[in-house]
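Structure file entry-v2.txt (compact mmCIF, C-alpha atoms and all ligand atoms) is printed below.
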# COMPACT_ATOMS: atom_id res chain seq x y z
CA MET A 13 0.00 0.00 0.00
CA ASN A 14 1.22 3.53 -0.78
CA THR A 15 2.17 5.47 2.34
CA LEU A 16 0.29 8.67 1.40
CA GLN A 17 -2.86 7.08 0.01
CA GLY A 18 -5.88 9.12 1.15
CA TRP A 19 -3.73 12.22 1.69
CA THR A 20 -3.99 15.49 -0.20
CA ALA A 21 -0.81 17.46 -0.82
CA LEU A 22 -0.50 21.01 -2.14
CA VAL A 23 2.80 22.10 -3.68
CA THR A 24 3.50 25.74 -4.57
CA GLY A 25 5.89 26.39 -7.42
CA ALA A 26 5.03 23.06 -9.06
CA THR A 27 5.89 24.31 -12.57
CA SER A 28 9.64 23.76 -12.18
CA GLY A 29 12.56 22.35 -10.23
CA ILE A 30 12.08 21.24 -6.64
CA GLY A 31 8.30 21.86 -6.58
CA GLU A 32 7.71 19.79 -9.70
CA ALA A 33 9.86 16.95 -8.32
CA CYS A 34 8.09 17.07 -4.93
CA ALA A 35 4.67 16.92 -6.60
CA PHE A 36 5.77 13.91 -8.62
CA SER A 37 7.26 12.05 -5.66
CA LEU A 38 4.29 12.75 -3.36
CA SER A 39 1.97 11.52 -6.09
CA GLN A 40 4.06 8.36 -6.50
CA GLU A 41 3.52 7.77 -2.76
CA GLY A 42 -0.24 7.91 -3.40
CA ALA A 43 -1.20 11.49 -2.44
CA ARG A 44 -3.74 13.51 -4.43
CA LEU A 45 -2.05 16.69 -5.61
CA ILE A 46 -2.96 20.36 -5.81
CA LEU A 47 -0.45 22.00 -8.14
CA VAL A 48 0.15 25.74 -7.69
CA GLY A 49 2.07 28.11 -9.96
CA ARG A 50 1.67 30.93 -12.45
CA ARG A 51 2.55 29.03 -15.66
CA GLU A 52 -0.70 27.26 -16.45
CA GLU A 53 0.53 25.06 -19.32
CA ARG A 54 3.30 23.60 -17.19
CA LEU A 55 0.85 22.81 -14.39
CA HIS A 56 -1.44 20.92 -16.78
CA SER A 57 1.48 19.10 -18.39
CA LEU A 58 2.64 17.91 -14.95
CA ALA A 59 -0.92 16.96 -13.95
CA ALA A 60 -1.14 14.72 -17.02
CA ARG A 61 2.00 12.84 -15.92
CA LEU A 62 1.01 12.23 -12.29
CA PRO A 63 -0.17 8.75 -11.29
CA THR A 64 -2.83 10.16 -8.90
CA PRO A 65 -5.69 12.68 -9.36
CA SER A 66 -4.66 16.33 -9.28
CA HIS A 67 -6.10 19.82 -9.39
CA CYS A 68 -4.29 22.84 -10.88
CA LEU A 69 -4.43 26.28 -9.25
CA VAL A 70 -3.00 29.04 -11.40
CA LEU A 71 -2.13 31.73 -8.91
CA ASP A 72 0.51 34.14 -7.75
CA VAL A 73 1.35 33.46 -4.11
CA ARG A 74 2.10 37.17 -3.65
CA SER A 75 -1.60 37.95 -3.96
CA ARG A 76 -3.36 37.39 -0.65
CA GLU A 77 -6.75 37.71 -2.39
CA GLU A 78 -5.88 35.07 -5.02
CA VAL A 79 -4.53 32.71 -2.38
CA GLU A 80 -7.53 33.06 -0.07
CA SER A 81 -10.22 32.86 -2.76
CA SER A 82 -8.60 29.93 -4.62
CA LEU A 83 -8.13 27.89 -1.46
CA ALA A 84 -11.65 28.66 -0.25
CA SER A 85 -13.14 27.31 -3.48
CA LEU A 86 -11.25 24.03 -3.87
CA PRO A 87 -13.37 21.11 -5.14
CA PRO A 88 -14.61 19.03 -2.15
CA GLU A 89 -12.31 16.07 -2.92
CA PHE A 90 -9.27 18.39 -2.68
CA ALA A 91 -10.49 20.71 0.09
CA ASP A 92 -8.83 18.96 3.06
CA VAL A 93 -5.16 19.65 2.50
CA ASP A 94 -2.93 17.43 4.64
CA VAL A 95 0.50 18.36 3.29
CA LEU A 96 1.47 21.89 2.30
CA VAL A 97 4.83 22.22 0.56
CA ASN A 98 5.66 25.93 0.57
CA ASN A 99 8.22 25.80 -2.22
CA ALA A 100 7.48 28.79 -4.49
CA GLY A 101 10.36 31.19 -4.15
CA LEU A 102 13.25 32.89 -5.83
CA GLY A 103 16.54 34.66 -5.46
CA LEU A 104 17.16 37.74 -7.59
CA GLY A 105 20.61 39.14 -8.37
CA LEU A 106 23.87 38.89 -6.47
CA SER A 107 24.68 42.61 -6.18
CA PRO A 108 26.04 44.01 -2.95
CA ALA A 109 23.41 45.62 -0.73
CA HIS A 110 24.38 49.19 -1.61
CA GLU A 111 23.85 48.49 -5.33
CA ALA A 112 21.03 45.93 -5.32
CA SER A 113 17.60 46.68 -6.77
CA LEU A 114 14.97 47.52 -4.19
CA GLU A 115 12.34 46.10 -6.57
CA ASP A 116 14.18 42.74 -6.52
CA TRP A 117 14.29 42.86 -2.74
CA GLU A 118 10.55 43.55 -2.52
CA LEU A 119 9.78 40.73 -4.95
CA MET A 120 11.79 38.23 -2.87
CA ILE A 121 10.16 39.36 0.38
CA ASP A 122 6.67 39.29 -1.19
CA THR A 123 7.16 35.77 -2.60
CA ASN A 124 9.45 33.96 -0.15
CA CYS A 125 7.99 35.45 3.04
CA LYS A 126 4.54 36.92 2.45
CA GLY A 127 3.39 34.31 -0.09
CA LEU A 128 4.47 31.50 2.23
CA VAL A 129 2.66 33.13 5.14
CA TYR A 130 -0.57 33.60 3.13
CA MET A 131 -0.60 29.92 2.09
CA THR A 132 0.15 28.71 5.60
CA ARG A 133 -2.40 30.90 7.36
CA ALA A 134 -5.12 29.84 4.92
CA LEU A 135 -4.52 26.07 5.29
CA LEU A 136 -3.43 25.71 8.92
CA PRO A 137 -6.89 26.01 10.59
CA GLY A 138 -8.19 22.98 8.64
CA MET A 139 -5.11 20.94 9.56
CA VAL A 140 -5.49 21.78 13.25
CA ARG A 141 -9.24 21.07 13.17
CA ARG A 142 -8.63 17.65 11.60
CA ASP A 143 -5.56 17.11 13.82
CA ARG A 144 -3.59 15.96 10.79
CA GLY A 145 -1.15 17.84 8.62
CA HIS A 146 2.39 18.72 7.67
CA VAL A 147 3.79 22.07 6.55
CA VAL A 148 7.07 21.68 4.68
CA ASN A 149 8.83 24.96 4.01
CA LEU A 150 11.65 25.30 1.50
CA GLY A 151 14.33 27.25 3.28
CA SER A 152 17.97 27.33 2.25
CA VAL A 153 21.50 27.06 3.56
CA ALA A 154 21.48 30.79 2.79
CA ALA A 155 19.38 31.22 5.96
CA THR A 156 22.37 30.27 8.08
CA TYR A 157 25.53 30.95 6.09
CA PRO A 158 26.02 34.45 4.68
CA TYR A 159 27.67 35.04 1.30
CA PRO A 160 28.36 38.21 -0.68
CA GLY A 161 25.24 39.25 -2.59
CA GLY A 162 23.01 36.95 -0.54
CA ASN A 163 21.68 39.95 1.43
CA VAL A 164 17.86 39.87 1.18
CA TYR A 165 17.58 36.35 -0.30
CA GLY A 166 19.34 34.87 2.75
CA ALA A 167 17.27 37.08 5.03
CA THR A 168 14.01 35.78 3.52
CA LYS A 169 15.18 32.22 4.17
CA ALA A 170 16.12 33.13 7.76
CA PHE A 171 12.51 34.33 8.06
CA VAL A 172 11.33 30.96 6.70
CA HIS A 173 13.45 29.19 9.31
CA GLN A 174 12.22 31.22 12.28
CA PHE A 175 8.61 31.13 11.08
CA SER A 176 8.87 27.32 10.81
CA GLN A 177 10.26 27.03 14.34
CA ASN A 178 7.59 29.34 15.73
CA LEU A 179 4.86 27.38 13.94
CA LYS A 180 6.24 24.26 15.60
CA ALA A 181 5.98 26.03 18.95
CA ASP A 182 2.34 26.91 18.33
CA LEU A 183 1.44 23.45 17.04
CA ALA A 184 3.08 21.38 19.78
CA GLY A 185 0.59 18.80 21.04
CA THR A 186 -1.27 18.64 17.74
CA ARG A 187 -0.65 16.11 14.98
CA VAL A 188 0.32 18.96 12.63
CA ARG A 189 4.02 18.87 11.86
CA VAL A 190 6.39 21.51 10.50
CA THR A 191 9.69 21.03 8.68
CA ASP A 192 12.18 23.51 7.28
CA VAL A 193 14.12 21.84 4.44
CA GLN A 194 17.34 23.76 3.75
CA PRO A 195 19.06 22.80 0.49
CA GLY A 196 22.42 23.95 -0.79
CA MET A 197 23.05 24.08 -4.54
CA VAL A 198 20.33 22.34 -6.58
CA GLU A 199 20.34 22.58 -10.37
CA THR A 200 16.92 23.90 -11.37
CA GLU A 201 15.76 27.13 -13.02
CA PHE A 202 16.79 28.94 -9.82
CA SER A 203 19.98 30.48 -11.26
CA LEU A 204 18.29 31.30 -14.57
CA VAL A 205 15.72 33.29 -12.58
CA ARG A 206 18.39 34.82 -10.32
CA PHE A 207 20.31 36.07 -13.38
CA LYS A 208 17.14 37.11 -15.21
CA GLY A 209 17.36 34.68 -18.13
CA ASP A 210 21.17 34.83 -18.63
CA ALA A 211 21.65 31.09 -19.33
CA GLU A 212 25.43 31.35 -19.69
CA ARG A 213 25.86 32.94 -16.26
CA ALA A 214 23.37 30.50 -14.74
CA GLY A 215 25.20 27.50 -16.23
CA LYS A 216 28.51 28.67 -14.76
CA VAL A 217 27.10 28.30 -11.23
CA TYR A 218 27.16 24.50 -11.60
CA GLU A 219 30.26 24.23 -13.81
CA GLY A 220 32.82 21.60 -12.74
CA MET A 221 30.84 20.37 -9.73
CA GLU A 222 27.94 18.01 -9.18
CA PRO A 223 24.96 19.88 -7.77
CA LEU A 224 21.99 18.27 -6.05
CA THR A 225 19.02 17.41 -8.25
CA ALA A 226 15.44 18.45 -7.59
CA ALA A 227 14.67 14.74 -7.09
CA ASP A 228 17.24 14.60 -4.24
CA ILE A 229 15.25 17.27 -2.39
CA ALA A 230 11.93 15.60 -3.22
CA ASP A 231 13.31 12.42 -1.61
CA VAL A 232 14.03 14.38 1.57
CA VAL A 233 10.56 15.96 1.58
CA VAL A 234 8.84 12.60 1.12
CA TRP A 235 11.01 11.07 3.86
CA CYS A 236 10.04 13.85 6.31
CA VAL A 237 6.34 13.52 5.49
CA THR A 238 6.27 9.73 5.75
CA ARG A 239 7.82 9.49 9.25
CA PRO A 240 5.48 8.09 11.93
CA PRO A 241 3.06 10.79 13.21
CA ARG A 242 4.99 11.11 16.50
CA VAL A 243 8.15 12.21 14.64
CA ASN A 244 8.68 15.85 13.63
CA ILE A 245 11.79 16.66 11.61
CA ASN A 246 12.26 20.31 12.57
CA VAL A 247 15.11 21.28 10.23
CA ILE A 248 17.06 19.37 7.64
CA GLU A 249 20.08 20.81 5.83
CA VAL A 250 21.30 19.14 2.63
CA MET A 251 24.34 20.05 0.53
CA PRO A 252 26.07 18.54 -2.47
CA ALA A 253 29.22 16.64 -1.56
CA ASP A 254 31.05 19.19 -3.74
CA GLN A 255 29.83 22.24 -1.75
CA GLY A 256 31.50 23.46 1.45
CA PHE A 257 32.22 26.53 3.56
CA GLY A 258 34.65 29.39 3.03
CA PRO A 259 36.98 30.94 5.59
CA PHE A 260 36.20 34.34 7.18
CA ASN A 261 37.03 37.01 4.66
CA VAL A 262 39.44 39.54 6.17
CA LYS A 263 40.04 42.71 4.15
CA ARG A 264 43.55 43.91 4.94
CA ARG A 265 44.49 47.55 4.39
P1 LIG B 301 12.78 27.17 -9.86
O1 LIG B 301 13.01 28.54 -10.38
O2 LIG B 301 13.10 26.01 -10.73
O3 LIG B 301 11.27 27.04 -9.36
C1 LIG B 301 10.64 28.06 -8.65
C2 LIG B 301 9.13 27.82 -8.62
O4 LIG B 301 8.52 28.85 -7.85
C3 LIG B 301 8.51 27.83 -9.99
O5 LIG B 301 7.63 26.74 -10.10
C4 LIG B 301 7.72 29.14 -10.02
O6 LIG B 301 6.53 28.98 -10.75
C5 LIG B 301 7.39 29.31 -8.53
N1 LIG B 301 7.09 30.70 -8.21
C6 LIG B 301 7.95 31.74 -8.18
N2 LIG B 301 7.28 32.87 -7.88
C7 LIG B 301 5.98 32.53 -7.71
C8 LIG B 301 4.80 33.25 -7.40
N3 LIG B 301 4.83 34.57 -7.20
N4 LIG B 301 3.62 32.59 -7.32
C9 LIG B 301 3.58 31.25 -7.54
N5 LIG B 301 4.67 30.51 -7.84
C10 LIG B 301 5.85 31.15 -7.93
O7 LIG B 301 13.63 27.09 -8.50
P2 LIG B 301 13.82 25.93 -7.41
O8 LIG B 301 13.01 24.76 -7.73
O9 LIG B 301 15.27 25.74 -7.24
O10 LIG B 301 13.28 26.68 -6.13
C11 LIG B 301 12.26 26.20 -5.29
C12 LIG B 301 12.50 26.67 -3.87
O11 LIG B 301 13.71 26.09 -3.38
C13 LIG B 301 12.66 28.18 -3.72
O12 LIG B 301 11.97 28.58 -2.56
C14 LIG B 301 14.16 28.36 -3.56
O13 LIG B 301 14.47 29.52 -2.83
C15 LIG B 301 14.51 27.10 -2.79
N6 LIG B 301 15.90 26.71 -2.87
C16 LIG B 301 16.51 26.46 -4.09
C17 LIG B 301 17.84 26.10 -4.13
C18 LIG B 301 18.58 25.87 -5.39
O14 LIG B 301 19.82 25.84 -5.39
N7 LIG B 301 17.90 25.64 -6.53
C19 LIG B 301 18.61 25.94 -2.89
C20 LIG B 301 17.88 26.26 -1.69
C21 LIG B 301 16.58 26.60 -1.69
P3 LIG B 301 5.90 30.03 -11.78
O15 LIG B 301 7.04 30.89 -12.28
O16 LIG B 301 5.26 29.19 -12.84
O17 LIG B 301 4.91 30.78 -10.97
C1 LIG B 302 19.76 28.75 -2.98
C2 LIG B 302 21.13 28.26 -2.68
O1 LIG B 302 23.50 28.95 -2.14
O2 LIG B 302 22.42 30.01 -4.07
O3 LIG B 302 19.04 28.88 -1.82
O4 LIG B 302 21.78 30.64 -1.84
S1 LIG B 302 22.23 29.54 -2.68
For the structure just supplied, provide its representation as structure tokens.
Amino acid sequence: MNTLQGWTALVTGATSGIGEACAFSLSQEGARLILVGRREERLHSLAARLPTPSHCLVLDVRSREEVESSLASLPPEFADVDVLVNNAGLGLGLSPAHEASLEDWELMIDTNCKGLVYMTRALLPGMVRRDRGHVVNLGSVAATYPYPGGNVYGATKAFVHQFSQNLKADLAGTRVRVTDVQPGMVETEFSLVRFKGDAERAGKVYEGMEPLTAADIADVVVWCVTRPPRVNINVIEVMPADQGFGPFNVKRR
């Protein structure tokens, strides 16, 4: 028997990368899927490949109205969401803080923080009422380890981490679990988005090393979700074997 049979999972950012892989893996485990993203064709193409029933929601997680109205009008067979994978997110640019675009910063905050909060707040009451659920948030190693140009991106992921921990504090004693999954370098469309469509620059990020794949992260998400109900994986950090840490950077004069 499939471990997630009878469960409904909603994945944001299911049109690409980690979200698409998570949707696929959760479906392979037997869950019904709600697929969320802005690119409608990609959602439908994924839906057609899933082994379980699915429902597509074309929406922008930055819009509180779109999030609330779409989730309030889910078809009855998809209305009780058990697993929420808050994956939609992006990094934009790598400029130092004094040169970075404020519009890019706002877009990251609106998507990675506010969008995630809107989704969570809308679905959490049902999970608590049914005493069954799991919120999986896609954080990042950038939440913990600073790097030049990571400024607001890393800060949004630090928000994701602390929000996850505080959710866990509020939900203690319920059967609603919370996990912050923190990947290092994963080859997806992430760098293409970060460098605004510059494929050459994006490709260089993964040159000469073996990055994680989206499926590696989906494996981790499925593992967290399929632990016995008494087990809550609070935080899980995953890096490629080829990624590591740098020394402190001392500027000598
Ligand atoms: P991709 O660019 O491949 O996928 C991002 C997904 O987010 C797309 O499906 C996109 O869908 C969706 N998305 C972005 N903005 C919105 C929005 N406003 N509303 C709805 N959906 C949106 O990147 P990844 O798969 O790599 O990224 C997924 C998550 O993993 C992100 O939160 C990222 O920060 C995190 N992460 C990625 C790492 C990496 O190295 N790749 C490492 C650590 C964390 P659409 O454009 O169709 O709306
Ligand atoms: C994405 C990974 O290292 O580019 O979260 O910030 S990194």
Here is a test: counting only C-alpha atoms and all ligand atoms, which residue of A:Thr200, A:Ser113, A:Thr132, A:Thr168 is nearest to ligand LIG 301 (chain B)?
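Distance minimum relative to ligand LIG 301 (chain B) lands on A:Thr200.
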I'd like the neighbourhood of range 68-73 of chain A as a short mmCIF file (atom, residue, chain, number, x, y, z; two decimals) with C-alpha atoms, in the coordinates of the input, where a residue qualifies if any of its atoms comes within 6 Å (using all atoms listed in the file), though same-chain residues fewer than 3 positions away should be ignored.
data_model
loop_
_atom_site.label_atom_id
_atom_site.label_comp_id
_atom_site.auth_asym_id
_atom_site.auth_seq_id
_atom_site.Cartn_x
_atom_site.Cartn_y
_atom_site.Cartn_z
CA ILE A 46 -2.96 20.36 -5.81
CA LEU A 47 -0.45 22.00 -8.14
CA VAL A 48 0.15 25.74 -7.69
CA GLY A 49 2.07 28.11 -9.96
CA ARG A 50 1.67 30.93 -12.45
CA GLU A 52 -0.70 27.26 -16.45
CA GLY A 127 3.39 34.31 -0.09
#
Distance criterion (only C-alpha atoms and all ligand atoms): nearest to ligand LIG 302 (chain B) out of A:Tyr157, A:Phe171, A:Phe260, A:Trp235:
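Of the candidates, the smallest distance to ligand LIG 302 (chain B) is held by A:Tyr157.
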Give me, as JSON, numbers by chain, the set of residues whose atoms come within 7 Å of any atom of ligand LIG 302 (chain B), counting only C-alpha atoms and all ligand atoms.
{"A": [152, 153, 154, 162, 166, 195, 196, 197]}
Write the residues of the selection above to a file with C-alpha atoms, as a PDB file, in the coordinates of the input.
ATOM      1  CA  SER A 152      17.970  27.330   2.250  1.00  0.00           C
ATOM      2  CA  VAL A 153      21.500  27.060   3.560  1.00  0.00           C
ATOM      3  CA  ALA A 154      21.480  30.790   2.790  1.00  0.00           C
ATOM      4  CA  GLY A 162      23.010  36.950  -0.540  1.00  0.00           C
ATOM      5  CA  GLY A 166      19.340  34.870   2.750  1.00  0.00           C
ATOM      6  CA  PRO A 195      19.060  22.800   0.490  1.00  0.00           C
ATOM      7  CA  GLY A 196      22.420  23.950  -0.790  1.00  0.00           C
ATOM      8  CA  MET A 197      23.050  24.080  -4.540  1.00  0.00           C
TER       9      MET A 197
END
Can you tell me which residues surround Gln177 in chain A at a distance of at most 8 Å, considering all atoms listed in the file, apart from same-chain residues fewer than 4 positions away, and format the answer as a list in words?
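After dropping sequence-adjacent residues, the list is His173, Ala181, Val190 and Asn246 of chain A.
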Dump as a PDB file, in the frame of the given file, selection limited to C-alpha atoms:
ATOM      1  CA  HIS A 173      13.450  29.190   9.310  1.00  0.00           C
ATOM      2  CA  ALA A 181       5.980  26.030  18.950  1.00  0.00           C
ATOM      3  CA  VAL A 190       6.390  21.510  10.500  1.00  0.00           C
ATOM      4  CA  ASN A 246      12.260  20.310  12.570  1.00  0.00           C
TER       5      ASN A 246
END
Skip Leu22 in chain A itself and residues of its chain fewer than 2 positions away, then list as a list in words all residues within 8 Å of it, counting all atoms listed in the file.
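Here the answer would be Thr20, Thr24, Ala35, Leu45, Ile46, Leu47, Val48, Val93, Val95, Leu96 and Val97 of chain A.
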Could you check which residues have any atom within 12 Å of (1.8, 11.9, 6.6), counting only C-alpha atoms with coordinates taken straight from the file, and then list them as a PyMOL selection string?
chain A and resi 14-21+38+41-43+93-96+139+143-148+187-190+233-244
For ligand LIG 301 (chain B), which residue among A:Ser39, A:Gln194, A:Asn178, A:Gln255 is the nearest when counting all atoms listed in the file?
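Closest to ligand LIG 301 (chain B), using all atoms listed in the file: A:Gln194.
Between ligand LIG 301 (chain B) and the residues A:Ala84, A:Cys125, A:Val198, A:Leu104, the shortest atom-to-atom distance, using all atoms listed in the file, involves A:Val198.
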Do you know which residues are at most 12 Å from Pro259 in chain A counting only C-alpha atoms, after dropping those on the same chain fewer than 3 positions away, and could you put them as a list of chain:residue names?
A:Tyr157, A:Pro158, A:Tyr159, A:Gly256, A:Val262
Atomic distance atom C15 of ligand LIG 301 (chain B) - CA of Gly151 in chain A, expressed in Å with one decimal:
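Interatomic distance, atom C15 of ligand LIG 301 (chain B) to CA of Gly151 in chain A: 6.1 Å.
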Compile the contact shell of Ala214 in chain A as a ChimeraX atom specification: residues with an atom at most 10 Å away, counting all atoms listed in the file, same-chain residues fewer than 3 positions apart removed.
/A:199-211,217-219
